[in-house]
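*Asks:* Pasting in a structure now, in structure tokens, and then I'll have a few things to ask.
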There are 4 protein chains.
Amino acid sequence: MIRVGIIGASGYAGGELVRYLIAHPGVQITYLASGTYAGKPLSSAYPSLLGQDLPLCEKYDIEKAADQADFFFQAQGNGVGMKVAPALLEYGKKFIDVPADFRIKNLDEYTRYYRMQHSAPELVEEAVYGLPELRAEEIAKARLIANCGCYATGAILALAPLAASGHADLNSIIVDAKSGVSGAGRSKLDVSGLFCEVNEGFKAYAVASHRHTAEIEQEISAVAGTDVKVSFTPHLIPMNRGILTTAYAGVDASIKGSEDLFEMYRQFYADQPFVVVLENGHQPSTKNVFGTNFCHIALTLDQRTGRAIVTCAIDNMGKGAAGQAVQNLNVMCDFDQTTGLTAPAVYP
Amino acid sequence: MIRVGIIGASGYAGGELVRYLIAHPGVQITYLASGTYAGKPLSSAYPSLLGQDLPLCEKYDIEKAADQADFFFQAQGNGVGMKVAPALLEYGKKFIDVPADFRIKNLDEYTRYYRMQHSAPELVEEAVYGLPELRAEEIAKARLIANCGCYATGAILALAPLAASGHADLNSIIVDAKSGVSGAGRSKLDVSGLFCEVNEGFKAYAVASHRHTAEIEQEISAVAGTDVKVSFTPHLIPMNRGILTTAYAGVDASIKGSEDLFEMYRQFYADQPFVVVLENGHQPSTKNVFGTNFCHIALTLDQRTGRAIVTCAIDNMGKGAAGQAVQNLNVMCDFDQTTGLTAPAVYP
Amino acid sequence: MIRVGIIGASGYAGGELVRYLIAHPGVQITYLASGTYAGKPLSSAYPSLLGQDLPLCEKYDIEKAADQADFFFQAQGNGVGMKVAPALLEYGKKFIDVPADFRIKNLDEYTRYYRMQHSAPELVEEAVYGLPELRAEEIAKARLIANCGCYATGAILALAPLAASGHADLNSIIVDAKSGVSGAGRSKLDVSGLFCEVNEGFKAYAVASHRHTAEIEQEISAVAGTDVKVSFTPHLIPMNRGILTTAYAGVDASIKGSEDLFEMYRQFYADQPFVVVLENGHQPSTKNVFGTNFCHIALTLDQRTGRAIVTCAIDNMGKGAAGQAVQNLNVMCDFDQTTGLTAPAVYP
Amino acid sequence: MIRVGIIGASGYAGGELVRYLIAHPGVQITYLASGTYAGKPLSSAYPSLLGQDLPLCEKYDIEKAADQADFFFQAQGNGVGMKVAPALLEYGKKFIDVPADFRIKNLDEYTRYYRMQHSAPELVEEAVYGLPELRAEEIAKARLIANCGCYATGAILALAPLAASGHADLNSIIVDAKSGVSGAGRSKLDVSGLFCEVNEGFKAYAVASHRHTAEIEQEISAVAGTDVKVSFTPHLIPMNRGILTTAYAGVDASIKGSEDLFEMYRQFYADQPFVVVLENGHQPSTKNVFGTNFCHIALTLDQRTGRAIVTCAIDNMGKGAAGQAVQNLNVMCDFDQTTGLTAPAVYP
């Protein structure tokens, strides 16, 4: 049994990690850190956890943390991972940072998007970008993982096969993404997050300036073997969970129909247990992956314009955050990738 | 491994049964009957099940059913259980009827509420009302279970301790219940079920005439040891899942505060793993039991009027249908009651 | 043209007042006070108002207010009316307080429920409770109106005919009310108001302790001519607007069917343009009164238990707040009651 | 007073027309045709209309229609306009077809997208495409209007200034649109329209094959003066109303920043009362145009990729259907364009 600790347990990603890890036969949650709920059970933050056997929340303390667990998830927020990871790694612990601290290899780009100087740049170099569908071998050997961002997961899974294929016009990529509201987290309080302000409305935000652009471009460039820029537009859907990514890219004449795209993707993801390439005529819905680590993808060739249109559904809290983090743990600890992650969506 | 069959697998309750049973270590789903999806995988009805290892759906056939499974859930609809149960029981199978065929012992009352003559009245007599918190011993010995209705589950769990206590005015009971929309099922198509007709609206229906009144009164009367009538008003909440029951009953002067009610309920449910009696100051939310078999209850004494106000949250598809059915299976098959049912709610 | 000012223009009730008053042919909005948006157009709070001809918001100032308008709505919050009303009345202005400062005649009760000492008790005595269906004559002569609370509007309209009839058991009244979320306002920021915390959940709150209990009892007692206590339970519906009130009261044997109740209510509300008593077999939905000043009521006699069950739908922001305030203005200023208030609900 | 008739009054667009026309000082609704509700008041379809003074619904009959009204809206469905328009025009009536019968000038294209032969091709030639922001002069002289489609309205208003400017790469246009559910109408009943199937889910549909592609291309081509093809992807948002269009187009180097785009659009729409070009830093939300005929547009230059990103919010039932139809009536009948259409959104 691997002893697991969660730093930032009372946020949405923290709560979701607890939910997956409770179902995982190879780990035990032995440490929960939360400033807000220190001294209390996590069920005081999430009454949905009443009756579950969990340690009390504590204020984060490196000595206690190191004593009580061997594998850590940091889910508190940006800027925390670079502070706590160095000491925990020194203690020989493994560490998955769910936010963005270690994702961007180019530190100038990091600073530009996140408006922070990085305090642990050497760990940025060491960290492996935690998207197992692309980097399982590196992840298996890593002690520090930068968990892939929610929008980035959708965008990269939607585009990687095409970027790798050599058949896409890499200057034409557009990623139009739509997310449920839980991505904003539980701690940020302002008028725009109130139920009545969100409900029955739809809008774009951070147009042409969202932070995940950096990691999407970094990883698509890596797959393509050349520098790629994308236009990325996130939108807010009035629902709790789910990201639907609609990605566009021009393709060359060798792609003659949607079926060719389907084959390309099916082969690319043939060994990936969480990526389902839907047959022609079906479209992914975020409902079908709600609360899970699955990713559903559909391919359409727009014959009239010569563009591939890729639609991709994930749960932003699942495959886009906590589910993916557990999948990374599975790879790092040599469990089967699907351990603890096979439960289907709650539907409807 | 118990071989389990589901008749009516493609409805909401059927799909929810599949979800719980996939997670159950002691059973295997070996038979799925669905008229609509015969010959197809259940994932064609629920793409959320893509990647799960399940038998194809078949048109219901008694020989094949009896050959392929030993324990049956019927989740197709009212009037089906009385048709299929007799033959399956003759084959020595165990049978849980999720709809209402075997719930009402008084056949006149049954006919009045359901406008059907019963074709298997002798089985009504044999059937055990499937609410394990009240009838676990009988359930353990039964071969035929009438799974408790969704509203009835909320109402009975909310009122049983009070009804049993001798401190309630049994002529004063009012049950005001509110349900998510999945209770209407997946097969009934009319304008009133359209998204736009339901969304952003709230209303009562079947006021003073809902069918579940019969079983609520039957079971509360059994607990109280005397004939009890209740006023029952169901309402429709614009959300997918969950029932919040607000029950009112006058209490005598021996009940001096909410704390007395809390103690009464805590003792009554002390050994029940799925009923959580919340401490004073907390109110149950359907969100906290979403997708689960849990029931959260809170007690308030309205000092000014001498009434107990009980609020009780369940998931109508979980503790109100499929979760409860699996809990009944657990009791019937001598598993721990919680087997396959411990996953906490997906939150938020 | 009556020059109208709104104090607290940027809250939800303030914004809703603006919406109704724009459509009112007899008034002109000449003054808008908002601390948060002082110096800015109200469209910076509500972009839905872009293109409307409105004065800039200002910080509230008694001299400027008195100079610029003759009729005031205070919609900022509890405790504000008692501060600003005295001076404005001294200037000869008319004043409608949308929150609760002047609603409760019994000052002890006021202090118990609102945990404040009242600083203008003589005005409490003078103020008229602003529910035009019951007090139009007094309202017509008043200079100070305590606008009826949202839950109170639903409960009083649901119960007044019964309370006045002499046929109800006045000790048996239960009010189970369900409200959309806008009732919580726009200024209170805490975790429980976040979209994800509210969406897809339903719960009760302030059980047996909600402040509106005081005014419901005050007005029902006035109608009944005797002291009446009620049990009142509010609940939160995951939607923006609307209150559905389900009220229960035992009735005597002279009430033989739902039809008798229908006649009783139809007569009671015969001259009321905003109260629609639905014919038997129909139930009110909050959707049908969304964004309006209408109130839909249905009556059912629960023959088995001898109880009347009254269901009543209003929009908490319309008939429950701003619509009602404009209706009060109409009565006070001798407009037809329906002036500016006839637009039907946006549906769906 | 213009006597107005609505054919297909009980659908969502019909109901919405009634709502706007009730508020219109220059017209009177004198004829309502509905097969389903013939002989009944329209309030039996929409209880939100209880208390409004409206004619009873009738089965459509050309003689009675021609006798009772002078201006007709057809809102029943595709294929109806071509049947009823010829006779009504012969009677000298004016006619606005809300569905698609007269929108597509190229009849081959019409047949390909709508899978119908057109039975009144000469009227297609005569009909004016009813988007007043582009064709007010023609509309003013027309007797037959093809009301612009909902998605088409969003897409054309988002792209017209850019297409007209000469600065866009017309081969690079992508329209990613998201719509509330009311666009599907009230009459189509299948499982996919049930509340629980839509709620809390998001998906694309009709990818690269939606019918509105034809009219978007027709009108953008007309503005651009050359043949333009676009990729168009519609998505379904789990909410009642609203379309958010996100449009992408490469621009030349003369466009140096978002401010240049803002100026371009502000000038283009300077005289249009319903189009609001938002200042930089603001994004349109469908909430802000809910239930109205307004259109909010924001412009962003994605500097890194050289693309303009246009976001545009309308209400699909308002500016996307009934509001626009009334605006067309205003132009045809020489009312001010805004008559009856100035009410701001109900918010929240």
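Residues are named by chain letter and number: chains run A, B, ... in the order of the structure tokens, numbers start at 1 in each chain, and ligands are numbered from 1 in the order shown.
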Enumerate as a list in words the residues belonging to chain D that approach chain C to within 8 Å, with only C-alpha atoms taken into account.
*Replies:* Tyr12, Gly15, Glu16, Arg19, Ile22, Ala23, Tyr46, Pro47, Ser48, Leu49, Leu50, Gly51, Gln52, Ser182, Asn240, Arg241, Val276, Lys287, Asn288, Val289, Gly291, Ala343, Pro344, Ala345, Val346, Tyr347 and Pro348 of chain D
*Asks:* So that I have them on file, write out the residues from the current selection with N, CA and C atoms, as a PDB file, in the first residue's frame.
*Replies:*
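Done, and the output landed in result.pdb:
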ATOM      1  N   TYR D  12     -42.313  27.583 -30.249  1.00  0.00           N
ATOM      2  CA  TYR D  12     -41.536  28.548 -29.461  1.00  0.00           C
ATOM      3  C   TYR D  12     -41.411  29.889 -30.175  1.00  0.00           C
ATOM      4  N   GLY D  15     -44.808  31.675 -29.968  1.00  0.00           N
ATOM      5  CA  GLY D  15     -45.041  32.244 -28.643  1.00  0.00           C
ATOM      6  C   GLY D  15     -44.204  33.497 -28.417  1.00  0.00           C
ATOM      7  N   GLU D  16     -42.980  33.447 -28.924  1.00  0.00           N
ATOM      8  CA  GLU D  16     -42.089  34.594 -28.747  1.00  0.00           C
ATOM      9  C   GLU D  16     -42.573  35.787 -29.586  1.00  0.00           C
ATOM     10  N   ARG D  19     -45.247  37.471 -27.675  1.00  0.00           N
ATOM     11  CA  ARG D  19     -44.690  38.265 -26.574  1.00  0.00           C
ATOM     12  C   ARG D  19     -44.215  39.637 -27.041  1.00  0.00           C
ATOM     13  N   ILE D  22     -47.355  41.844 -28.387  1.00  0.00           N
ATOM     14  CA  ILE D  22     -48.180  42.404 -27.312  1.00  0.00           C
ATOM     15  C   ILE D  22     -47.641  43.768 -26.883  1.00  0.00           C
ATOM     16  N   ALA D  23     -46.329  43.909 -26.908  1.00  0.00           N
ATOM     17  CA  ALA D  23     -45.702  45.158 -26.448  1.00  0.00           C
ATOM     18  C   ALA D  23     -45.581  46.197 -27.565  1.00  0.00           C
ATOM     19  N   TYR D  46     -49.357  28.117 -23.516  1.00  0.00           N
ATOM     20  CA  TYR D  46     -48.434  28.926 -22.712  1.00  0.00           C
ATOM     21  C   TYR D  46     -49.202  29.624 -21.599  1.00  0.00           C
ATOM     22  N   PRO D  47     -49.303  29.000 -20.416  1.00  0.00           N
ATOM     23  CA  PRO D  47     -50.023  29.647 -19.307  1.00  0.00           C
ATOM     24  C   PRO D  47     -49.411  30.996 -18.938  1.00  0.00           C
ATOM     25  N   SER D  48     -48.217  31.263 -19.406  1.00  0.00           N
ATOM     26  CA  SER D  48     -47.633  32.594 -19.201  1.00  0.00           C
ATOM     27  C   SER D  48     -48.467  33.670 -19.884  1.00  0.00           C
ATOM     28  N   LEU D  49     -49.361  33.279 -20.787  1.00  0.00           N
ATOM     29  CA  LEU D  49     -50.200  34.253 -21.499  1.00  0.00           C
ATOM     30  C   LEU D  49     -51.581  34.407 -20.865  1.00  0.00           C
ATOM     31  N   LEU D  50     -51.831  33.736 -19.751  1.00  0.00           N
ATOM     32  CA  LEU D  50     -53.113  33.923 -19.054  1.00  0.00           C
ATOM     33  C   LEU D  50     -53.301  35.396 -18.732  1.00  0.00           C
ATOM     34  N   GLY D  51     -54.467  35.917 -19.040  1.00  0.00           N
ATOM     35  CA  GLY D  51     -54.746  37.321 -18.738  1.00  0.00           C
ATOM     36  C   GLY D  51     -54.451  38.260 -19.886  1.00  0.00           C
ATOM     37  N   GLN D  52     -53.815  37.769 -20.942  1.00  0.00           N
ATOM     38  CA  GLN D  52     -53.560  38.600 -22.122  1.00  0.00           C
ATOM     39  C   GLN D  52     -54.766  38.516 -23.066  1.00  0.00           C
ATOM     40  N   SER D 182     -33.626  25.942 -27.033  1.00  0.00           N
ATOM     41  CA  SER D 182     -34.940  26.289 -27.586  1.00  0.00           C
ATOM     42  C   SER D 182     -34.923  26.283 -29.111  1.00  0.00           C
ATOM     43  N   ASN D 240     -31.649  27.459 -21.938  1.00  0.00           N
ATOM     44  CA  ASN D 240     -32.817  27.647 -22.794  1.00  0.00           C
ATOM     45  C   ASN D 240     -32.540  28.479 -24.040  1.00  0.00           C
ATOM     46  N   ARG D 241     -31.876  29.609 -23.866  1.00  0.00           N
ATOM     47  CA  ARG D 241     -31.787  30.595 -24.925  1.00  0.00           C
ATOM     48  C   ARG D 241     -30.384  31.141 -25.068  1.00  0.00           C
ATOM     49  N   VAL D 276     -24.470  46.210 -30.470  1.00  0.00           N
ATOM     50  CA  VAL D 276     -23.591  46.923 -29.536  1.00  0.00           C
ATOM     51  C   VAL D 276     -22.192  46.336 -29.664  1.00  0.00           C
ATOM     52  N   LYS D 287     -26.397  35.991 -21.579  1.00  0.00           N
ATOM     53  CA  LYS D 287     -27.302  36.455 -20.515  1.00  0.00           C
ATOM     54  C   LYS D 287     -27.727  37.897 -20.740  1.00  0.00           C
ATOM     55  N   ASN D 288     -26.830  38.695 -21.271  1.00  0.00           N
ATOM     56  CA  ASN D 288     -27.108  40.127 -21.380  1.00  0.00           C
ATOM     57  C   ASN D 288     -28.050  40.486 -22.528  1.00  0.00           C
ATOM     58  N   VAL D 289     -28.322  39.521 -23.392  1.00  0.00           N
ATOM     59  CA  VAL D 289     -29.265  39.763 -24.490  1.00  0.00           C
ATOM     60  C   VAL D 289     -30.467  38.813 -24.423  1.00  0.00           C
ATOM     61  N   GLY D 291     -33.812  37.191 -24.175  1.00  0.00           N
ATOM     62  CA  GLY D 291     -35.179  37.673 -24.383  1.00  0.00           C
ATOM     63  C   GLY D 291     -35.274  38.970 -25.166  1.00  0.00           C
ATOM     64  N   ALA D 343     -37.212  46.610 -24.653  1.00  0.00           N
ATOM     65  CA  ALA D 343     -37.107  46.099 -23.283  1.00  0.00           C
ATOM     66  C   ALA D 343     -35.771  45.394 -23.086  1.00  0.00           C
ATOM     67  N   PRO D 344     -35.084  45.708 -21.984  1.00  0.00           N
ATOM     68  CA  PRO D 344     -33.803  45.040 -21.743  1.00  0.00           C
ATOM     69  C   PRO D 344     -34.009  43.602 -21.262  1.00  0.00           C
ATOM     70  N   ALA D 345     -32.935  42.855 -21.254  1.00  0.00           N
ATOM     71  CA  ALA D 345     -32.987  41.461 -20.809  1.00  0.00           C
ATOM     72  C   ALA D 345     -33.487  41.354 -19.376  1.00  0.00           C
ATOM     73  N   VAL D 346     -34.228  40.304 -19.106  1.00  0.00           N
ATOM     74  CA  VAL D 346     -34.497  39.908 -17.725  1.00  0.00           C
ATOM     75  C   VAL D 346     -33.178  39.378 -17.154  1.00  0.00           C
ATOM     76  N   TYR D 347     -32.723  39.993 -16.061  1.00  0.00           N
ATOM     77  CA  TYR D 347     -31.429  39.594 -15.511  1.00  0.00           C
ATOM     78  C   TYR D 347     -31.518  39.571 -14.000  1.00  0.00           C
ATOM     79  N   PRO D 348     -31.046  38.598 -13.302  1.00  0.00           N
ATOM     80  CA  PRO D 348     -30.430  37.389 -13.851  1.00  0.00           C
ATOM     81  C   PRO D 348     -31.522  36.353 -14.165  1.00  0.00           C
TER      82      PRO D 348
END
*Asks:* Show which residues sit within 10 Å of Lys203 of chain C, as a PyMOL selection string. Count only C-alpha atoms, and ignore same-chain residues fewer than 6 positions away.
*Replies:* (chain B and resi 178+243-246+283-287+311-313) or (chain C and resi 178+234-238)
*Asks:* Please dump the current selection as a PDB file, in the first residue's frame; keep N, CA and C atoms.
*Replies:*
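The result, stored in out.pdb:
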ATOM      1  N   LYS B 178     -39.478  16.738  -3.103  1.00  0.00           N
ATOM      2  CA  LYS B 178     -39.005  17.405  -4.311  1.00  0.00           C
ATOM      3  C   LYS B 178     -38.023  16.467  -4.990  1.00  0.00           C
ATOM      4  N   ILE B 243     -33.694  13.468  -4.355  1.00  0.00           N
ATOM      5  CA  ILE B 243     -34.980  13.770  -3.715  1.00  0.00           C
ATOM      6  C   ILE B 243     -34.686  14.391  -2.362  1.00  0.00           C
ATOM      7  N   LEU B 244     -35.313  15.532  -2.124  1.00  0.00           N
ATOM      8  CA  LEU B 244     -35.267  16.134  -0.801  1.00  0.00           C
ATOM      9  C   LEU B 244     -36.683  16.022  -0.250  1.00  0.00           C
ATOM     10  N   THR B 245     -36.813  15.332   0.852  1.00  0.00           N
ATOM     11  CA  THR B 245     -38.107  15.166   1.498  1.00  0.00           C
ATOM     12  C   THR B 245     -38.154  16.067   2.724  1.00  0.00           C
ATOM     13  N   THR B 246     -39.185  16.877   2.829  1.00  0.00           N
ATOM     14  CA  THR B 246     -39.403  17.669   4.039  1.00  0.00           C
ATOM     15  C   THR B 246     -40.676  17.133   4.681  1.00  0.00           C
ATOM     16  N   GLN B 283     -27.849  20.965   7.221  1.00  0.00           N
ATOM     17  CA  GLN B 283     -28.995  20.523   6.430  1.00  0.00           C
ATOM     18  C   GLN B 283     -28.498  19.636   5.298  1.00  0.00           C
ATOM     19  N   PRO B 284     -29.214  18.569   5.020  1.00  0.00           N
ATOM     20  CA  PRO B 284     -28.789  17.702   3.916  1.00  0.00           C
ATOM     21  C   PRO B 284     -29.010  18.375   2.567  1.00  0.00           C
ATOM     22  N   SER B 285     -28.112  18.113   1.647  1.00  0.00           N
ATOM     23  CA  SER B 285     -28.297  18.544   0.260  1.00  0.00           C
ATOM     24  C   SER B 285     -28.263  17.315  -0.623  1.00  0.00           C
ATOM     25  N   THR B 286     -29.105  17.319  -1.631  1.00  0.00           N
ATOM     26  CA  THR B 286     -29.079  16.187  -2.566  1.00  0.00           C
ATOM     27  C   THR B 286     -27.713  16.052  -3.241  1.00  0.00           C
ATOM     28  N   LYS B 287     -26.979  17.160  -3.353  1.00  0.00           N
ATOM     29  CA  LYS B 287     -25.656  17.103  -3.981  1.00  0.00           C
ATOM     30  C   LYS B 287     -24.725  16.128  -3.266  1.00  0.00           C
ATOM     31  N   THR B 311     -35.785  16.740   7.384  1.00  0.00           N
ATOM     32  CA  THR B 311     -35.337  16.876   5.990  1.00  0.00           C
ATOM     33  C   THR B 311     -34.419  15.716   5.669  1.00  0.00           C
ATOM     34  N   CYS B 312     -34.588  15.180   4.487  1.00  0.00           N
ATOM     35  CA  CYS B 312     -33.942  13.913   4.148  1.00  0.00           C
ATOM     36  C   CYS B 312     -33.551  13.922   2.678  1.00  0.00           C
ATOM     37  N   ALA B 313     -32.280  13.715   2.401  1.00  0.00           N
ATOM     38  CA  ALA B 313     -31.782  13.731   1.019  1.00  0.00           C
ATOM     39  C   ALA B 313     -31.331  12.353   0.577  1.00  0.00           C
TER      40      ALA B 313
ATOM     41  N   LYS C 178     -40.166  27.140  -1.825  1.00  0.00           N
ATOM     42  CA  LYS C 178     -38.970  26.827  -2.591  1.00  0.00           C
ATOM     43  C   LYS C 178     -38.644  28.026  -3.450  1.00  0.00           C
ATOM     44  N   PRO C 234     -38.124  27.287   4.178  1.00  0.00           N
ATOM     45  CA  PRO C 234     -37.645  27.684   2.847  1.00  0.00           C
ATOM     46  C   PRO C 234     -36.613  26.697   2.299  1.00  0.00           C
ATOM     47  N   HIS C 235     -36.595  26.570   0.984  1.00  0.00           N
ATOM     48  CA  HIS C 235     -35.634  25.706   0.286  1.00  0.00           C
ATOM     49  C   HIS C 235     -35.050  26.472  -0.894  1.00  0.00           C
ATOM     50  N   LEU C 236     -33.892  26.025  -1.331  1.00  0.00           N
ATOM     51  CA  LEU C 236     -33.207  26.662  -2.447  1.00  0.00           C
ATOM     52  C   LEU C 236     -33.280  25.789  -3.699  1.00  0.00           C
ATOM     53  N   ILE C 237     -33.844  26.333  -4.781  1.00  0.00           N
ATOM     54  CA  ILE C 237     -33.931  25.610  -6.059  1.00  0.00           C
ATOM     55  C   ILE C 237     -32.768  26.041  -6.943  1.00  0.00           C
ATOM     56  N   PRO C 238     -32.112  25.115  -7.622  1.00  0.00           N
ATOM     57  CA  PRO C 238     -31.011  25.509  -8.506  1.00  0.00           C
ATOM     58  C   PRO C 238     -31.511  26.155  -9.799  1.00  0.00           C
TER      59      PRO C 238
END
*Asks:* Out of C:Leu88, C:Ala208, C:Ile220, C:Cys150, which residue has the shortest atom-to-atom distance to Leu134 of chain C when counting only C-alpha atoms?
*Replies:*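 Using only C-alpha atoms, Leu134 of chain C sits closest to C:Ile220.
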*Asks:* Can you list, as JSON, numbers by chain, every residue of segment 96-188 of chain A that DSSP puts in strand (DSSP E)?
*Replies:* {"A": [96, 97, 128, 129, 130, 144, 145, 146, 147, 174, 175, 176, 177, 178, 179]}
*Asks:* Please extract the residues of segment 163-284 of chain D with a backbone DSSP assignment of alpha helix (DSSP H) and present them as a PyMOL selection string.
*Replies:* chain D and resi 163-165+195-198+212-224+258-268
*Asks:* Restricted to C-alpha atoms, what would the selected residues look like written as a PDB file, in the first residue's frame?
*Replies:*
ATOM      1  CA  ALA D 163     -15.774  40.438 -44.913  1.00  0.00           C
ATOM      2  CA  ALA D 164     -16.582  43.899 -46.236  1.00  0.00           C
ATOM      3  CA  SER D 165     -13.276  45.381 -45.135  1.00  0.00           C
ATOM      4  CA  PHE D 195     -34.162  17.322 -19.790  1.00  0.00           C
ATOM      5  CA  CYS D 196     -31.853  14.720 -18.274  1.00  0.00           C
ATOM      6  CA  GLU D 197     -30.169  14.023 -21.611  1.00  0.00           C
ATOM      7  CA  VAL D 198     -29.364  17.677 -22.214  1.00  0.00           C
ATOM      8  CA  HIS D 212     -27.375  27.284 -41.918  1.00  0.00           C
ATOM      9  CA  THR D 213     -23.991  26.972 -43.609  1.00  0.00           C
ATOM     10  CA  ALA D 214     -25.729  27.749 -46.885  1.00  0.00           C
ATOM     11  CA  GLU D 215     -27.188  31.065 -45.824  1.00  0.00           C
ATOM     12  CA  ILE D 216     -24.085  32.117 -43.909  1.00  0.00           C
ATOM     13  CA  GLU D 217     -22.008  31.601 -47.041  1.00  0.00           C
ATOM     14  CA  GLN D 218     -24.596  33.255 -49.284  1.00  0.00           C
ATOM     15  CA  GLU D 219     -24.694  36.431 -47.239  1.00  0.00           C
ATOM     16  CA  ILE D 220     -21.001  36.645 -46.397  1.00  0.00           C
ATOM     17  CA  SER D 221     -20.249  36.138 -50.073  1.00  0.00           C
ATOM     18  CA  ALA D 222     -22.630  38.964 -50.926  1.00  0.00           C
ATOM     19  CA  VAL D 223     -20.917  41.283 -48.465  1.00  0.00           C
ATOM     20  CA  ALA D 224     -17.442  40.255 -49.586  1.00  0.00           C
ATOM     21  CA  SER D 258      -7.913  44.738 -31.292  1.00  0.00           C
ATOM     22  CA  GLU D 259      -8.563  48.457 -31.324  1.00  0.00           C
ATOM     23  CA  ASP D 260      -8.465  48.521 -35.134  1.00  0.00           C
ATOM     24  CA  LEU D 261     -11.079  45.817 -35.238  1.00  0.00           C
ATOM     25  CA  PHE D 262     -13.181  47.685 -32.701  1.00  0.00           C
ATOM     26  CA  GLU D 263     -13.115  50.801 -34.901  1.00  0.00           C
ATOM     27  CA  MET D 264     -13.974  48.809 -38.006  1.00  0.00           C
ATOM     28  CA  TYR D 265     -17.015  47.277 -36.337  1.00  0.00           C
ATOM     29  CA  ARG D 266     -18.124  50.444 -34.596  1.00  0.00           C
ATOM     30  CA  GLN D 267     -18.220  52.265 -37.872  1.00  0.00           C
ATOM     31  CA  PHE D 268     -19.928  49.454 -39.704  1.00  0.00           C
TER      32      PHE D 268
END
*Asks:* Report as a PyMOL selection string all protein, DNA and RNA residues lying within 9 Å of Leu170 of chain C, evaluated on only C-alpha atoms, omitting residues in the same chain fewer than 4 positions from it.
*Replies:* chain C and resi 163+166+224+226-230+249-251
*Asks:* Quick one: distance from atom CA of Gly26 of chain D to atom CA of Met1 of chain D in Å, one decimal?
*Replies:*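 One can read the atom CA of Gly26 of chain D to atom CA of Met1 of chain D distance as 5.1 Å.
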*Asks:* Nearest residue to Ala206 of chain A out of D:Asp61, D:Glu109, D:Asp302, D:Asp53, using only C-alpha atoms?
*Replies:*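 Closest to Ala206 of chain A, using only C-alpha atoms: D:Asp302.
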*Asks:* May I ask which of the residues A:Ser254, A:Thr111, A:Thr153, A:Ser119 is the closest one to Gly81 of chain A, counting only C-alpha atoms?
*Replies:* A:Ser119
*Asks:* Quick one: pull the distance between atom CA of Gly257 of chain D and atom CA of Leu301 of chain D, Å, one decimal.
*Replies:*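 Between atom CA of Gly257 of chain D and atom CA of Leu301 of chain D the gap is 5.6 Å.
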*Asks:* Which residues, written as a list in words, have at least one atom at most 8 Å from Ala69 of chain B, with only C-alpha atoms counted and residues fewer than 6 positions away on the same chain left out?
*Replies:*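 Counting only the stated atoms, we get Ile2, Arg3, Val4, Gly5, Thr30 and Tyr31 of chain B.
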